[in-house]
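As provided, data_11.cif (mmCIF, N, CA and C atoms) reads as follows.
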data_entry
#
loop_
_atom_site.label_atom_id
_atom_site.label_comp_id
_atom_site.auth_asym_id
_atom_site.auth_seq_id
_atom_site.Cartn_x
_atom_site.Cartn_y
_atom_site.Cartn_z
N MET S 1 1.58 1.21 84.22
CA MET S 1 2.57 1.89 83.46
C MET S 1 2.58 3.35 83.88
N THR S 2 3.74 3.85 83.85
CA THR S 2 3.87 5.24 84.20
C THR S 2 3.67 6.08 82.95
N ASP S 3 3.48 7.33 83.18
CA ASP S 3 3.26 8.25 82.06
C ASP S 3 4.47 8.30 81.14
N THR S 4 5.64 8.25 81.69
CA THR S 4 6.86 8.33 80.87
C THR S 4 6.98 7.09 80.02
N THR S 5 6.72 5.95 80.58
CA THR S 5 6.81 4.71 79.83
C THR S 5 5.76 4.68 78.73
N GLN S 6 4.61 5.15 79.06
CA GLN S 6 3.53 5.19 78.06
C GLN S 6 3.89 6.17 76.93
N GLU S 7 4.49 7.30 77.25
CA GLU S 7 4.89 8.27 76.24
C GLU S 7 5.97 7.70 75.34
N VAL S 8 6.94 7.01 75.94
CA VAL S 8 8.01 6.39 75.15
C VAL S 8 7.41 5.32 74.24
N HIS S 9 6.49 4.54 74.78
CA HIS S 9 5.84 3.49 74.00
C HIS S 9 5.05 4.10 72.82
N GLU S 10 4.36 5.20 73.05
CA GLU S 10 3.62 5.89 71.99
C GLU S 10 4.57 6.47 70.94
N GLU S 11 5.70 7.03 71.39
CA GLU S 11 6.67 7.58 70.45
C GLU S 11 7.27 6.48 69.57
N ILE S 12 7.56 5.33 70.18
CA ILE S 12 8.11 4.20 69.41
C ILE S 12 7.08 3.74 68.39
N GLN S 13 5.82 3.67 68.81
CA GLN S 13 4.75 3.25 67.90
C GLN S 13 4.59 4.26 66.76
N GLU S 14 4.64 5.56 67.06
CA GLU S 14 4.52 6.58 66.03
C GLU S 14 5.72 6.53 65.07
N THR S 15 6.92 6.33 65.62
CA THR S 15 8.12 6.23 64.79
C THR S 15 8.04 5.01 63.89
N THR S 16 7.55 3.89 64.44
CA THR S 16 7.42 2.67 63.65
C THR S 16 6.39 2.87 62.53
N GLU S 17 5.27 3.48 62.85
CA GLU S 17 4.24 3.75 61.85
C GLU S 17 4.77 4.73 60.79
N SER S 18 5.51 5.74 61.23
CA SER S 18 6.05 6.72 60.30
C SER S 18 7.08 6.08 59.38
N THR S 19 7.94 5.22 59.92
CA THR S 19 8.94 4.52 59.12
C THR S 19 8.26 3.59 58.13
N PHE S 20 7.23 2.88 58.59
CA PHE S 20 6.48 1.98 57.71
C PHE S 20 5.82 2.77 56.58
N MET S 21 5.22 3.91 56.88
CA MET S 21 4.57 4.72 55.87
C MET S 21 5.60 5.28 54.89
N ASN S 22 6.75 5.70 55.38
CA ASN S 22 7.80 6.20 54.49
C ASN S 22 8.29 5.10 53.56
N THR S 23 8.50 3.91 54.11
CA THR S 23 8.95 2.78 53.30
C THR S 23 7.90 2.42 52.27
N LEU S 24 6.65 2.36 52.69
CA LEU S 24 5.56 2.05 51.77
C LEU S 24 5.46 3.11 50.68
N SER S 25 5.61 4.37 51.06
CA SER S 25 5.56 5.46 50.09
C SER S 25 6.71 5.35 49.09
N GLU S 26 7.90 5.00 49.55
CA GLU S 26 9.05 4.84 48.66
C GLU S 26 8.84 3.67 47.70
N ILE S 27 8.28 2.58 48.18
CA ILE S 27 8.03 1.40 47.33
C ILE S 27 7.01 1.74 46.25
N VAL S 28 5.91 2.38 46.66
CA VAL S 28 4.89 2.77 45.69
C VAL S 28 5.46 3.76 44.69
N SER S 29 6.25 4.70 45.14
CA SER S 29 6.87 5.67 44.25
C SER S 29 7.80 4.98 43.25
N SER S 30 8.57 4.00 43.72
CA SER S 30 9.47 3.25 42.83
C SER S 30 8.68 2.49 41.77
N PHE S 31 7.61 1.83 42.18
CA PHE S 31 6.76 1.10 41.22
C PHE S 31 6.16 2.05 40.18
N LEU S 32 5.70 3.21 40.64
CA LEU S 32 5.13 4.17 39.71
C LEU S 32 6.18 4.70 38.73
N GLN S 33 7.41 4.93 39.19
CA GLN S 33 8.47 5.39 38.30
C GLN S 33 8.80 4.31 37.25
N ILE S 34 8.86 3.06 37.69
CA ILE S 34 9.13 1.96 36.75
C ILE S 34 8.02 1.86 35.72
N ALA S 35 6.77 1.95 36.17
CA ALA S 35 5.63 1.89 35.24
C ALA S 35 5.66 3.06 34.27
N GLN S 36 5.98 4.24 34.77
CA GLN S 36 6.05 5.42 33.92
C GLN S 36 7.16 5.27 32.88
N GLN S 37 8.31 4.76 33.29
CA GLN S 37 9.41 4.56 32.34
C GLN S 37 9.03 3.54 31.26
N ASN S 38 8.35 2.46 31.66
CA ASN S 38 7.92 1.45 30.68
C ASN S 38 6.92 2.03 29.69
N ILE S 39 6.00 2.82 30.18
CA ILE S 39 5.00 3.43 29.30
C ILE S 39 5.68 4.40 28.33
N ILE S 40 6.59 5.21 28.83
CA ILE S 40 7.30 6.16 27.97
C ILE S 40 8.13 5.43 26.92
N GLU S 41 8.82 4.35 27.32
CA GLU S 41 9.61 3.58 26.35
C GLU S 41 8.73 2.97 25.27
N ARG S 42 7.57 2.45 25.65
CA ARG S 42 6.65 1.86 24.66
C ARG S 42 6.15 2.93 23.69
N ILE S 43 5.81 4.08 24.22
CA ILE S 43 5.33 5.16 23.35
C ILE S 43 6.44 5.61 22.41
N GLN S 44 7.66 5.76 22.93
CA GLN S 44 8.79 6.16 22.08
C GLN S 44 9.05 5.11 21.00
N ASN S 45 9.00 3.83 21.35
CA ASN S 45 9.21 2.78 20.37
C ASN S 45 8.14 2.80 19.29
N THR S 46 6.90 3.00 19.70
CA THR S 46 5.80 3.04 18.74
C THR S 46 5.96 4.24 17.79
N VAL S 47 6.31 5.39 18.34
CA VAL S 47 6.50 6.59 17.52
C VAL S 47 7.67 6.38 16.56
N ASN S 48 8.77 5.82 17.05
CA ASN S 48 9.94 5.59 16.19
C ASN S 48 9.62 4.60 15.07
N GLU S 49 8.89 3.53 15.39
CA GLU S 49 8.51 2.56 14.37
C GLU S 49 7.61 3.20 13.32
N THR S 50 6.67 4.01 13.77
CA THR S 50 5.76 4.68 12.84
C THR S 50 6.52 5.64 11.93
N LEU S 51 7.46 6.38 12.49
CA LEU S 51 8.26 7.30 11.69
C LEU S 51 9.12 6.54 10.67
N GLU S 52 9.69 5.43 11.07
CA GLU S 52 10.50 4.63 10.14
C GLU S 52 9.64 4.09 9.00
N GLN S 53 8.44 3.61 9.33
CA GLN S 53 7.54 3.11 8.29
C GLN S 53 7.13 4.23 7.35
N ALA S 54 6.88 5.41 7.91
CA ALA S 54 6.50 6.56 7.07
C ALA S 54 7.66 6.94 6.14
N LYS S 55 8.89 6.94 6.66
CA LYS S 55 10.05 7.26 5.83
C LYS S 55 10.20 6.25 4.69
N GLU S 56 10.05 4.97 5.02
CA GLU S 56 10.17 3.93 3.99
C GLU S 56 9.08 4.09 2.93
N THR S 57 7.87 4.38 3.36
CA THR S 57 6.76 4.54 2.43
C THR S 57 6.99 5.75 1.52
N VAL S 58 7.45 6.86 2.10
CA VAL S 58 7.70 8.06 1.30
C VAL S 58 8.82 7.80 0.30
N ASN S 59 9.88 7.13 0.74
CA ASN S 59 10.98 6.81 -0.18
C ASN S 59 10.51 5.93 -1.32
N GLN S 60 9.68 4.95 -1.01
CA GLN S 60 9.16 4.05 -2.05
C GLN S 60 8.26 4.81 -3.02
N ILE S 61 7.43 5.69 -2.51
CA ILE S 61 6.55 6.49 -3.38
C ILE S 61 7.38 7.39 -4.29
N ILE S 62 8.42 8.01 -3.73
CA ILE S 62 9.27 8.89 -4.55
C ILE S 62 9.97 8.10 -5.64
N GLN S 63 10.50 6.92 -5.28
CA GLN S 63 11.18 6.09 -6.28
C GLN S 63 10.21 5.66 -7.37
N ASN S 64 9.01 5.25 -6.98
CA ASN S 64 8.02 4.84 -7.98
C ASN S 64 7.61 6.01 -8.87
N THR S 65 7.48 7.20 -8.29
CA THR S 65 7.10 8.38 -9.07
C THR S 65 8.19 8.75 -10.07
N VAL S 66 9.44 8.70 -9.64
CA VAL S 66 10.54 9.03 -10.54
C VAL S 66 10.59 8.02 -11.70
N MET S 67 10.41 6.75 -11.37
CA MET S 67 10.42 5.73 -12.43
C MET S 67 9.25 5.94 -13.39
N LEU S 68 8.08 6.25 -12.86
CA LEU S 68 6.91 6.48 -13.70
C LEU S 68 7.14 7.69 -14.62
N LEU S 69 7.69 8.76 -14.08
CA LEU S 69 7.96 9.94 -14.90
C LEU S 69 8.98 9.64 -15.99
N ALA S 70 9.99 8.85 -15.66
CA ALA S 70 11.00 8.48 -16.66
C ALA S 70 10.37 7.65 -17.77
N VAL S 71 9.51 6.71 -17.41
CA VAL S 71 8.84 5.87 -18.41
C VAL S 71 7.92 6.72 -19.28
N ILE S 72 7.18 7.62 -18.67
CA ILE S 72 6.27 8.48 -19.44
C ILE S 72 7.06 9.38 -20.39
N LEU S 73 8.16 9.95 -19.90
CA LEU S 73 8.97 10.82 -20.75
C LEU S 73 9.55 10.03 -21.93
N LEU S 74 10.10 8.86 -21.66
CA LEU S 74 10.64 8.04 -22.75
C LEU S 74 9.54 7.62 -23.72
N GLY S 75 8.37 7.30 -23.16
CA GLY S 75 7.24 6.93 -24.02
C GLY S 75 6.82 8.07 -24.93
N LEU S 76 6.76 9.27 -24.38
CA LEU S 76 6.38 10.43 -25.19
C LEU S 76 7.41 10.72 -26.28
N ILE S 77 8.68 10.62 -25.92
CA ILE S 77 9.73 10.85 -26.93
C ILE S 77 9.63 9.79 -28.02
N GLY S 78 9.44 8.54 -27.64
CA GLY S 78 9.28 7.48 -28.63
C GLY S 78 8.07 7.68 -29.50
N PHE S 79 6.97 8.14 -28.88
CA PHE S 79 5.75 8.38 -29.65
C PHE S 79 5.96 9.49 -30.68
N VAL S 80 6.65 10.55 -30.27
CA VAL S 80 6.91 11.66 -31.19
C VAL S 80 7.76 11.19 -32.37
N PHE S 81 8.80 10.42 -32.10
CA PHE S 81 9.63 9.91 -33.19
C PHE S 81 8.86 8.96 -34.09
N ALA S 82 8.02 8.10 -33.51
CA ALA S 82 7.25 7.17 -34.32
C ALA S 82 6.26 7.90 -35.20
N ILE S 83 5.57 8.88 -34.65
CA ILE S 83 4.60 9.65 -35.42
C ILE S 83 5.31 10.43 -36.54
N THR S 84 6.44 11.03 -36.21
CA THR S 84 7.20 11.79 -37.22
C THR S 84 7.68 10.87 -38.34
N GLY S 85 8.20 9.71 -37.94
CA GLY S 85 8.68 8.76 -38.95
C GLY S 85 7.55 8.25 -39.82
N LEU S 86 6.40 7.97 -39.21
CA LEU S 86 5.25 7.52 -39.98
C LEU S 86 4.78 8.60 -40.94
N SER S 87 4.80 9.84 -40.46
CA SER S 87 4.38 10.96 -41.32
C SER S 87 5.31 11.11 -42.52
N LEU S 88 6.61 11.06 -42.27
CA LEU S 88 7.57 11.19 -43.36
C LEU S 88 7.45 10.03 -44.36
N TRP S 89 7.24 8.85 -43.84
CA TRP S 89 7.11 7.67 -44.71
C TRP S 89 5.85 7.77 -45.58
N LEU S 90 4.71 8.17 -44.95
CA LEU S 90 3.47 8.31 -45.72
C LEU S 90 3.61 9.40 -46.78
N GLY S 91 4.28 10.50 -46.44
CA GLY S 91 4.49 11.57 -47.40
C GLY S 91 5.35 11.12 -48.58
N GLU S 92 6.35 10.29 -48.30
CA GLU S 92 7.25 9.84 -49.35
C GLU S 92 6.58 8.82 -50.28
N ILE S 93 5.82 7.87 -49.69
CA ILE S 93 5.21 6.86 -50.56
C ILE S 93 4.00 7.41 -51.32
N SER S 94 3.40 8.49 -50.82
CA SER S 94 2.26 9.06 -51.54
C SER S 94 2.73 9.91 -52.73
N GLY S 95 3.94 10.40 -52.64
CA GLY S 95 4.47 11.24 -53.71
C GLY S 95 4.03 12.68 -53.61
N LEU S 96 3.20 13.02 -52.60
CA LEU S 96 2.69 14.39 -52.46
C LEU S 96 3.59 15.26 -51.59
N GLY S 97 4.48 14.67 -50.82
CA GLY S 97 5.38 15.45 -49.97
C GLY S 97 5.13 15.18 -48.50
N MET S 98 6.00 15.75 -47.66
CA MET S 98 5.92 15.51 -46.21
C MET S 98 4.62 16.03 -45.61
N TRP S 99 4.11 17.13 -46.15
CA TRP S 99 2.91 17.72 -45.58
C TRP S 99 1.75 16.75 -45.58
N PHE S 100 1.66 15.91 -46.59
CA PHE S 100 0.55 14.96 -46.68
C PHE S 100 0.65 13.91 -45.58
N GLY S 101 1.86 13.41 -45.32
CA GLY S 101 2.06 12.43 -44.23
C GLY S 101 1.71 13.03 -42.88
N PHE S 102 2.17 14.26 -42.65
CA PHE S 102 1.86 14.92 -41.38
C PHE S 102 0.36 15.15 -41.24
N LEU S 103 -0.31 15.49 -42.32
CA LEU S 103 -1.75 15.71 -42.30
C LEU S 103 -2.50 14.43 -41.95
N ILE S 104 -2.12 13.32 -42.57
CA ILE S 104 -2.80 12.04 -42.32
C ILE S 104 -2.57 11.60 -40.88
N VAL S 105 -1.33 11.58 -40.43
CA VAL S 105 -1.02 11.13 -39.06
C VAL S 105 -1.63 12.07 -38.03
N GLY S 106 -1.58 13.35 -38.24
CA GLY S 106 -2.19 14.31 -37.32
C GLY S 106 -3.68 14.11 -37.20
N THR S 107 -4.33 13.85 -38.33
CA THR S 107 -5.77 13.61 -38.33
C THR S 107 -6.10 12.33 -37.56
N ILE S 108 -5.32 11.28 -37.77
CA ILE S 108 -5.56 10.02 -37.07
C ILE S 108 -5.40 10.20 -35.56
N VAL S 109 -4.33 10.87 -35.13
CA VAL S 109 -4.10 11.11 -33.70
C VAL S 109 -5.21 11.97 -33.12
N PHE S 110 -5.66 12.99 -33.84
CA PHE S 110 -6.74 13.84 -33.38
C PHE S 110 -8.03 13.05 -33.20
N VAL S 111 -8.37 12.19 -34.16
CA VAL S 111 -9.59 11.38 -34.07
C VAL S 111 -9.50 10.42 -32.88
N ILE S 112 -8.34 9.81 -32.67
CA ILE S 112 -8.17 8.91 -31.52
C ILE S 112 -8.36 9.68 -30.21
N ALA S 113 -7.76 10.86 -30.10
CA ALA S 113 -7.91 11.67 -28.90
C ALA S 113 -9.36 12.09 -28.69
N LEU S 114 -10.05 12.42 -29.77
CA LEU S 114 -11.45 12.81 -29.68
C LEU S 114 -12.31 11.65 -29.19
N ILE S 115 -12.08 10.47 -29.71
CA ILE S 115 -12.83 9.28 -29.29
C ILE S 115 -12.57 8.98 -27.81
N ILE S 116 -11.32 9.02 -27.40
CA ILE S 116 -10.99 8.76 -25.99
C ILE S 116 -11.65 9.81 -25.09
N GLY S 117 -11.61 11.08 -25.49
CA GLY S 117 -12.24 12.14 -24.71
C GLY S 117 -13.73 11.95 -24.57
N LEU S 118 -14.39 11.55 -25.66
CA LEU S 118 -15.84 11.31 -25.60
C LEU S 118 -16.17 10.10 -24.73
N LEU S 119 -15.37 9.06 -24.81
CA LEU S 119 -15.60 7.89 -23.98
C LEU S 119 -15.43 8.23 -22.50
N GLN S 120 -14.42 9.04 -22.17
CA GLN S 120 -14.22 9.46 -20.79
C GLN S 120 -15.36 10.34 -20.29
N LYS S 121 -15.85 11.21 -21.14
CA LYS S 121 -16.95 12.10 -20.77
C LYS S 121 -18.22 11.29 -20.49
N ASN S 122 -18.47 10.28 -21.28
CA ASN S 122 -19.66 9.45 -21.08
C ASN S 122 -19.51 8.50 -19.91
N LYS S 123 -18.29 8.17 -19.54
CA LYS S 123 -18.04 7.23 -18.45
C LYS S 123 -18.34 7.86 -17.10
N THR S 124 -17.95 9.13 -16.90
CA THR S 124 -18.16 9.79 -15.60
C THR S 124 -19.59 10.29 -15.52
N PRO S 125 -20.25 10.07 -14.35
CA PRO S 125 -21.64 10.49 -14.20
C PRO S 125 -21.82 11.98 -14.08
#
Mind turning the file's structure into structure tokens?
Amino acid sequence: MTDTTQEVHEEIQETTESTFMNTLSEIVSSFLQIAQQNIIERIQNTVNETLEQAKETVNQIIQNTVMLLAVILLGLIGFVFAITGLSLWLGEISGLGMWFGFLIVGTIVFVIALIIGLLQKNKTP
């Protein structure tokens, strides 16, 4: 072989190797981009699902809290009316006046609160 033929043969071999390496590099790059896109999509889906679950949980907690507050408020109003009515009734049937009914009912409520407070104090270590 002559030097020129050998040089052309070497150039063809280098060009073939360079083309093969470029093609291989492009294929690997494409695979890496696809893998990266899949990973990003999975992370985005997981974050979105977590945020949706958090929103639903917060909404449920808020709804439950509002309902609980409404029940407590209505219960307190009912309790006040019941205690007032009981006081007035006791005052009327005793013949001593309203003050006597309020005194009896107030004392009973105070004793109940005192007993509950003492039981709670003894319950906690």
(request) Would you work out the distance separating CA of Gly101 in chain S from atom N of Val71 in chain S, expressed in Å to one decimal? (result)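 These atoms are spaced 28.4 Å apart.
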(request) Between S:Val58, S:Ile34, S:Val105, S:Ile40, single out the one closest to Ile83 in chain S, counting all atoms listed in the file. (result)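 Residue with the minimum atom-to-atom distance to Ile83 in chain S: S:Val105.
One distance worth recording is that between CA of Thr23 in chain S and atom N of Ile39 in chain S, which is 23.3 Å.
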Return as AutoDock Vina command-line options the centre and edge lengths, in Å with one decimal, of the box along x, y and z that encloses every atom of range 69-83 of chain S in the file, padded by 4 Å per side.
--center_x 7.8 --center_y 8.8 --center_z -25.3 --size_x 14.4 --size_y 13.8 --size_z 30.5
(request) Find the distance between CA of Thr84 in chain S and CA of Ile108 in chain S and write it in Å to one decimal. (result) 12.9 Å
